[in-house]
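All remarks here apply to the structure that follows.
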Amino acid sequence: MEVSLNFSGGAELLFGKIKQHIINLPAGETWSMKKLLSWIKDNLLKERPELFLQGDTVRPGILVLVNNADWELVGQLDYHLQNKDEIVFISTLHGG
Amino acid sequence: MCSINEENLLADTMVATPTLPFKDAVCRKCRIVKAQVLLRKTDPYCRDCFMKYAVHKFRSTLGKARALQHNEHVLLAYSGGLSSGSMIHLIKQGLEASDSNKMKLVIKPSLLHIDEGGILNLPKEERKASADFILEYAKRNCLDVYICSLEYSLAADISGVKLQKNSYEVEPSVYANQLEQLFGSVKSLTAKEDLLLRLKQRLITLLATHLNYPKVFLGPNATRLAGQLLSAVGQGRGAQIAQEIGFADSRTGVVFLRPMREFVDKEVAYLANFLEVDSLCLPTLSSKLGPTASIGRLTEEFVVTLQANFPATISTLFRTSDKLKSNVGVDRSSSEIKDDSRCLLCLSAIEESTLCSASTARSISQTISRSGPSGLNDLESEPYSTNAQQQSAACNANCSNPEKQCCKTMDAGTMKDWSVVLCYGCRVTMEDVKTPELVPINLREELRLRSRRQMMRQSVEQFLL
């Protein structure tokens with residue numbers, strides 16, 4: 001399953017300054033956002049995980065958009081990823 | 001009998017905004033289109049209604065304050081971040097507005113960017129890349145851009161500043177070393193952040209005056225300002241809140257305006273996403289640090305975490321702060337406050353330290369806690385200045401007596417002596433700076449001048465009618 005992850009607003013600092021990551025998740029499993037977040041923590045997050053994640057969810061101040069809609073409108077952590085989904089993580093704490 | 005059941009109290013006061021299931025919600029305004037945006041945890045909007053709401057809020061913030069005049073030259077301070085980027089896009093939209101019922105925004109904007117790479121120890125290529133991004137951005141939006149390096153904030157006046165329109169080279173000047181030294185000598189991160197803010201303000205004022213732009217638009221959004229509000233109160237700048245986070249700041253000759261003030265960080269993020277604002281990722285002094293690294297970081301963490309569950313936090317903070325206006329300088333235009341009673345660093349009015357003021361009370365309690373009641377006796381015998389200062393104030397500038405402690409050799413003195421030239425908040429910051437002579441505010445000279453004037457005023461006071 002191919003999913004594209006975009007980081008902006010300063011969040012990319014934690015991911016090697018790369019804004020767009022296109023990742024391939026092993027098919028055959030249902031990927032919820034919760035699972036994706038822990039996958040990101042294990043595979044993409046280069047440093048300071050506590051600045052991106054807080055427990056199961058993202059840190060307050062980080063906005064998550066799934067296909068240009070707020071993730072709270074699609075079920076937040078329980079949303080199941082589809083192929084070619086576009087997930088955007090915007091850090092609102094950086095830059096003015 | 002009054003009995004408060006602790007458990008119930010806690011439950012009553014900590015009612016968070018309920019998280020209603022919003023899956024597949026419809027926009028609450030048009031009720032037709034599926035919602036894409038969720039504001040304040042309970043209000044879903046579709047993209048178009050959200051954009052209309054945001055643009056309307058922006059225009060009304062500008063219009064309400066009657067801040068702009070027709071065809072005025074305005075400088076847009078662009079840091080590369082999402083907030084200032086969205087601000088620029090909104091202004092561009094306003095300039096091109098084709099709606100006949102909406103008033104077209106008629107101003108002449110230019111971009112201004114300050115290169116802070118020097119104090120962040122960024123390599124030259126990175127600074128060049130950031131500058132290129134900004135030049136490219138300005139060209140795409142048909143705006144003139146001025147990029148200036150932060151080190152020129154240490155220049156005494158505009159003649160020392162190297163500034164070109166629409167181009168920039170990373171060439172460290174003689175001030176670059178001084179800047180590094182200055183920031184290297186500051187102990188705490190809080191003081192560094194405060195000093196950075198003051199230097200940026202100084203540089204922007206210098207450039208805006210030189211280029212003849214009477215107004216500057218700054219980009220901070222409501223969340224950032226709320227954090228700044230709390231940290232200002234924590235650092236002793238409570239009297240200056242109205243200017244530090246209000247819409248308009250006219251302490252310097254140039255008017256600083258904050259049009260993004262009404263937008264919460266989430267709204268700015270949506271705006272940036274829908275307007276396709278490209279952001280430049282520049283680290284700041286407190287990037288990648290924990291929440292206790294500085295007062296600013298702590299208050300930011302506090303506000304953001306609270307806001308996540310209680311969306312009314314920031315608006316409550318703002319409503320309260322709008323009512324807090326300082327006694328000194330309220331409604332007085334900047335020209336009415338005498339130059340003598342302005343802080344050299346932040347240009348706010350210095351609080352009066354009379355016998356009953358808060359700053360006097362604080363210095364008394366500080367003296368007692370440090371040196372016991374005997375310290376208080378020493379304090380009382382010299383009300384406003386040290387002995388050395390009194391002696392030196394008495395002699396005139398032309399004295400040539402080698403034995404007497406002359407005003408020319410006077411030390412900058414202790415923090416207490418700085419109360420004639422710096423406001424309380426700046427004094428706290430400067431206390432952490434080990435090389436105060438590098439800060440371009442003529443500390444010694446002004447200190448001498450103002451102390452002597454004060455002594456003169458005191459001696460003549462009784463004779464004034």
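Identifiers in this document derive from the order of the structure tokens: chains are assigned A, B, ..., residues are numbered from 1 separately in each chain, and ligands are numbered from 1 in order of occurrence.
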Using only C-alpha atoms, which residues of chain B come within 7 Å of chain A, and what is the closest atom pair for each, with the distance in Å to one decimal? Give it as a tab-separated table, sorted by chain and residue number.
```
residue	atom	partner	partner_atom	distance
B:Phe22	CA	A:Leu73	CA	5.1
B:Lys23	CA	A:Leu73	CA	4.7
B:Asp24	CA	A:Leu73	CA	6.2
B:Ala25	CA	A:Leu73	CA	6.8
B:Gln36	CA	A:Ala69	CA	4.2
B:Val37	CA	A:Asp70	CA	5.4
B:Leu38	CA	A:Asp70	CA	6.3
B:Ser79	CA	A:Gly96	CA	6.5
B:Gly81	CA	A:Gly95	CA	4.2
B:Leu82	CA	A:Gly9	CA	6.0
B:Ser83	CA	A:Gly96	CA	4.8
B:Ser84	CA	A:Gly96	CA	5.6
B:Gly219	CA	A:Gly96	CA	5.3
B:Pro220	CA	A:Gly96	CA	4.7
B:Asn221	CA	A:Gly96	CA	6.9
B:Asp265	CA	A:Thr92	CA	5.5
B:Lys266	CA	A:Thr92	CA	6.8
B:Ala269	CA	A:Thr92	CA	6.4
B:Ser279	CA	A:Gly9	CA	6.4
B:Cys281	CA	A:Gly10	CA	5.4
B:Val304	CA	A:Gly61	CA	6.0
B:Thr305	CA	A:Pro60	CA	5.6
B:Ala308	CA	A:Pro60	CA	6.1
```
Would you export the selected residues with C-alpha atoms as a PDB file, in the first residue's frame, please?
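Result file follows (selection11.pdb):
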```pdb
ATOM      1  CA  PHE B  22     -17.624  14.130  13.571  1.00  0.00           C
ATOM      2  CA  LYS B  23     -17.149  11.458  11.033  1.00  0.00           C
ATOM      3  CA  ASP B  24     -18.528  12.565   7.668  1.00  0.00           C
ATOM      4  CA  ALA B  25     -19.894  15.753   9.117  1.00  0.00           C
ATOM      5  CA  GLN B  36     -12.855  19.376   5.607  1.00  0.00           C
ATOM      6  CA  VAL B  37     -11.920  21.573   8.514  1.00  0.00           C
ATOM      7  CA  LEU B  38     -12.747  21.235  12.206  1.00  0.00           C
ATOM      8  CA  SER B  79      10.375  34.811   8.358  1.00  0.00           C
ATOM      9  CA  GLY B  81       7.235  30.321   8.272  1.00  0.00           C
ATOM     10  CA  LEU B  82       3.603  29.413   7.695  1.00  0.00           C
ATOM     11  CA  SER B  83       2.096  32.368   9.535  1.00  0.00           C
ATOM     12  CA  SER B  84       3.921  35.131   7.688  1.00  0.00           C
ATOM     13  CA  GLY B 219       3.305  37.566  11.224  1.00  0.00           C
ATOM     14  CA  PRO B 220       2.767  36.017  14.677  1.00  0.00           C
ATOM     15  CA  ASN B 221      -0.534  34.225  15.135  1.00  0.00           C
ATOM     16  CA  ASP B 265      -2.429  28.111  14.936  1.00  0.00           C
ATOM     17  CA  LYS B 266      -4.789  25.471  13.565  1.00  0.00           C
ATOM     18  CA  ALA B 269      -2.166  25.675   9.245  1.00  0.00           C
ATOM     19  CA  SER B 279       7.349  27.315   3.934  1.00  0.00           C
ATOM     20  CA  CYS B 281      12.140  25.465   7.491  1.00  0.00           C
ATOM     21  CA  VAL B 304      -0.760  24.687  23.196  1.00  0.00           C
ATOM     22  CA  THR B 305      -1.477  21.712  25.435  1.00  0.00           C
ATOM     23  CA  ALA B 308      -5.898  21.284  22.503  1.00  0.00           C
TER      24      ALA B 308
END
```
As an mmCIF file with all heavy atoms, in the first residue's frame, please: every residue in region 134-292 of chain B that DSSP puts in strand (DSSP E).
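Okay, this is what ended up in result35.cif:
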```cif
data_model
loop_
_atom_site.group_PDB
_atom_site.id
_atom_site.type_symbol
_atom_site.label_atom_id
_atom_site.label_comp_id
_atom_site.auth_asym_id
_atom_site.auth_seq_id
_atom_site.Cartn_x
_atom_site.Cartn_y
_atom_site.Cartn_z
ATOM 1 N N VAL B 145 11.985 42.567 -2.450
ATOM 2 C CA VAL B 145 12.387 41.987 -1.172
ATOM 3 C C VAL B 145 13.735 42.549 -0.720
ATOM 4 O O VAL B 145 14.619 42.800 -1.532
ATOM 5 C CB VAL B 145 12.452 40.437 -1.262
ATOM 6 C CG1 VAL B 145 13.495 39.994 -2.273
ATOM 7 C CG2 VAL B 145 12.748 39.841 0.101
ATOM 8 N N TYR B 146 13.834 42.767 0.575
ATOM 9 C CA TYR B 146 15.104 43.199 1.170
ATOM 10 C C TYR B 146 15.518 42.135 2.177
ATOM 11 O O TYR B 146 14.751 41.790 3.065
ATOM 12 C CB TYR B 146 14.936 44.530 1.906
ATOM 13 C CG TYR B 146 14.517 45.668 1.022
ATOM 14 C CD1 TYR B 146 13.181 46.001 0.868
ATOM 15 C CD2 TYR B 146 15.465 46.427 0.335
ATOM 16 C CE1 TYR B 146 12.792 47.048 0.060
ATOM 17 C CE2 TYR B 146 15.083 47.474 -0.483
ATOM 18 C CZ TYR B 146 13.745 47.777 -0.620
ATOM 19 O OH TYR B 146 13.359 48.815 -1.417
ATOM 20 N N ILE B 147 16.708 41.613 2.026
ATOM 21 C CA ILE B 147 17.187 40.657 3.014
ATOM 22 C C ILE B 147 18.365 41.274 3.741
ATOM 23 O O ILE B 147 19.288 41.786 3.113
ATOM 24 C CB ILE B 147 17.630 39.331 2.359
ATOM 25 C CG1 ILE B 147 16.500 38.780 1.496
ATOM 26 C CG2 ILE B 147 18.001 38.325 3.426
ATOM 27 C CD1 ILE B 147 16.803 37.426 0.915
ATOM 28 N N CYS B 148 18.328 41.232 5.060
ATOM 29 C CA CYS B 148 19.413 41.836 5.824
ATOM 30 C C CYS B 148 19.884 40.854 6.884
ATOM 31 O O CYS B 148 19.095 40.116 7.456
ATOM 32 C CB CYS B 148 18.902 43.117 6.486
ATOM 33 S SG CYS B 148 20.202 44.066 7.248
ATOM 34 N N SER B 149 21.172 40.834 7.126
ATOM 35 C CA SER B 149 21.688 39.914 8.135
ATOM 36 C C SER B 149 21.524 40.513 9.532
ATOM 37 O O SER B 149 21.626 41.713 9.717
ATOM 38 C CB SER B 149 23.160 39.648 7.830
ATOM 39 O OG SER B 149 23.700 38.832 8.817
ATOM 40 N N LYS B 215 4.942 51.654 8.051
ATOM 41 C CA LYS B 215 4.282 50.566 8.750
ATOM 42 C C LYS B 215 4.930 49.223 8.390
ATOM 43 O O LYS B 215 5.354 48.979 7.274
ATOM 44 C CB LYS B 215 2.802 50.510 8.363
ATOM 45 C CG LYS B 215 2.075 51.797 8.693
ATOM 46 C CD LYS B 215 0.624 51.552 9.047
ATOM 47 C CE LYS B 215 0.070 52.730 9.814
ATOM 48 N NZ LYS B 215 -0.411 53.814 8.971
ATOM 49 N N VAL B 216 4.962 48.345 9.395
ATOM 50 C CA VAL B 216 5.509 47.009 9.181
ATOM 51 C C VAL B 216 4.486 45.983 9.639
ATOM 52 O O VAL B 216 3.940 46.096 10.737
ATOM 53 C CB VAL B 216 6.817 46.822 9.983
ATOM 54 C CG1 VAL B 216 7.352 45.430 9.772
ATOM 55 C CG2 VAL B 216 7.844 47.849 9.586
ATOM 56 N N PHE B 217 4.220 44.974 8.808
ATOM 57 C CA PHE B 217 3.313 43.891 9.205
ATOM 58 C C PHE B 217 4.132 42.739 9.746
ATOM 59 O O PHE B 217 5.029 42.235 9.093
ATOM 60 C CB PHE B 217 2.535 43.379 7.975
ATOM 61 C CG PHE B 217 1.319 44.187 7.646
ATOM 62 C CD1 PHE B 217 1.053 45.386 8.286
ATOM 63 C CD2 PHE B 217 0.424 43.744 6.701
ATOM 64 C CE1 PHE B 217 -0.065 46.121 7.976
ATOM 65 C CE2 PHE B 217 -0.703 44.482 6.388
ATOM 66 C CZ PHE B 217 -0.941 45.671 7.023
ATOM 67 N N ALA B 248 -1.339 46.898 17.415
ATOM 68 C CA ALA B 248 -0.388 47.911 16.955
ATOM 69 C C ALA B 248 0.656 48.189 18.022
ATOM 70 O O ALA B 248 0.352 48.230 19.207
ATOM 71 C CB ALA B 248 -1.130 49.213 16.621
ATOM 72 N N ASP B 249 1.881 48.365 17.583
ATOM 73 C CA ASP B 249 2.984 48.670 18.500
ATOM 74 C C ASP B 249 3.709 49.883 17.954
ATOM 75 O O ASP B 249 4.377 49.800 16.934
ATOM 76 C CB ASP B 249 3.921 47.462 18.568
ATOM 77 C CG ASP B 249 5.126 47.708 19.453
ATOM 78 O OD1 ASP B 249 5.232 48.797 20.052
ATOM 79 O OD2 ASP B 249 5.962 46.792 19.560
ATOM 80 N N VAL B 255 5.410 51.947 12.933
ATOM 81 C CA VAL B 255 4.276 51.246 13.545
ATOM 82 C C VAL B 255 4.311 49.771 13.149
ATOM 83 O O VAL B 255 4.316 49.432 11.965
ATOM 84 C CB VAL B 255 2.938 51.863 13.082
ATOM 85 C CG1 VAL B 255 1.788 51.136 13.736
ATOM 86 C CG2 VAL B 255 2.898 53.335 13.453
ATOM 87 N N PHE B 256 4.344 48.891 14.155
ATOM 88 C CA PHE B 256 4.317 47.459 13.886
ATOM 89 C C PHE B 256 2.886 46.964 14.030
ATOM 90 O O PHE B 256 2.246 47.173 15.047
ATOM 91 C CB PHE B 256 5.189 46.706 14.916
ATOM 92 C CG PHE B 256 6.659 46.886 14.700
ATOM 93 C CD1 PHE B 256 7.339 47.945 15.281
ATOM 94 C CD2 PHE B 256 7.366 45.992 13.926
ATOM 95 C CE1 PHE B 256 8.702 48.115 15.086
ATOM 96 C CE2 PHE B 256 8.730 46.152 13.721
ATOM 97 C CZ PHE B 256 9.388 47.216 14.308
ATOM 98 N N LEU B 257 2.378 46.291 13.006
ATOM 99 C CA LEU B 257 1.010 45.780 13.056
ATOM 100 C C LEU B 257 1.013 44.264 12.994
ATOM 101 O O LEU B 257 1.871 43.668 12.351
ATOM 102 C CB LEU B 257 0.201 46.337 11.877
ATOM 103 C CG LEU B 257 0.101 47.862 11.825
ATOM 104 C CD1 LEU B 257 -0.552 48.292 10.540
ATOM 105 C CD2 LEU B 257 -0.683 48.380 13.007
#
```
- Message: When you look at Glu2 (chain A) with a cut-off of 12 Å (counting only C-alpha atoms), what residues show up, excluding the ones that are within fewer than 6 positions of it in the same chain? I need them as number ranges by chain.
- Response: A: 21-27, 31, 81-87
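The space separating CA of Leu105 (chain B) from CA of Asn71 (chain B) comes to 8.9 Å.
Note that DSSP on the backbone gives helix (DSSP H, G or I) to these residues of chain A: Ala11, Glu12, Leu13, Leu14, Phe15, Met33, Lys34, Lys35, Leu36, Leu37, Ser38, Trp39, Ile40, Lys41, Asp42, Asn43, Pro49, Glu50, Leu51, Trp71, Glu72, Leu73, Gln76, Leu77 and Asp78 of chain A.
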Grab the residues selected above and save them as a JSON list (two decimals), in the first residue's frame with C-alpha atoms.
```json
[["chain", "number", "residue", "atom", "x", "y", "z"],
["A", 11, "ALA", "CA", 8.04, 19.21, 11.51],
["A", 12, "GLU", "CA", 10.44, 18.29, 8.73],
["A", 13, "LEU", "CA", 13.33, 19.23, 11.03],
["A", 14, "LEU", "CA", 12.72, 15.96, 12.83],
["A", 15, "PHE", "CA", 12.69, 13.98, 9.59],
["A", 33, "MET", "CA", -3.51, 5.86, 11.95],
["A", 34, "LYS", "CA", -2.38, 4.58, 15.32],
["A", 35, "LYS", "CA", -0.37, 1.85, 13.64],
["A", 36, "LEU", "CA", 1.01, 4.30, 11.10],
["A", 37, "LEU", "CA", 2.21, 6.62, 13.86],
["A", 38, "SER", "CA", 4.13, 3.87, 15.58],
["A", 39, "TRP", "CA", 5.54, 2.82, 12.19],
["A", 40, "ILE", "CA", 6.71, 6.40, 11.65],
["A", 41, "LYS", "CA", 8.30, 6.44, 15.07],
["A", 42, "ASP", "CA", 10.22, 3.28, 14.35],
["A", 43, "ASN", "CA", 11.20, 3.96, 10.76],
["A", 49, "PRO", "CA", 10.34, 11.44, 19.29],
["A", 50, "GLU", "CA", 8.69, 13.34, 22.14],
["A", 51, "LEU", "CA", 8.54, 16.44, 19.94],
["A", 71, "TRP", "CA", -8.23, 13.74, 10.68],
["A", 72, "GLU", "CA", -10.79, 14.29, 13.41],
["A", 73, "LEU", "CA", -13.40, 14.32, 10.67],
["A", 76, "GLN", "CA", -8.71, 10.35, 14.04],
["A", 77, "LEU", "CA", -6.63, 7.42, 15.29],
["A", 78, "ASP", "CA", -9.13, 4.84, 14.08]]
```
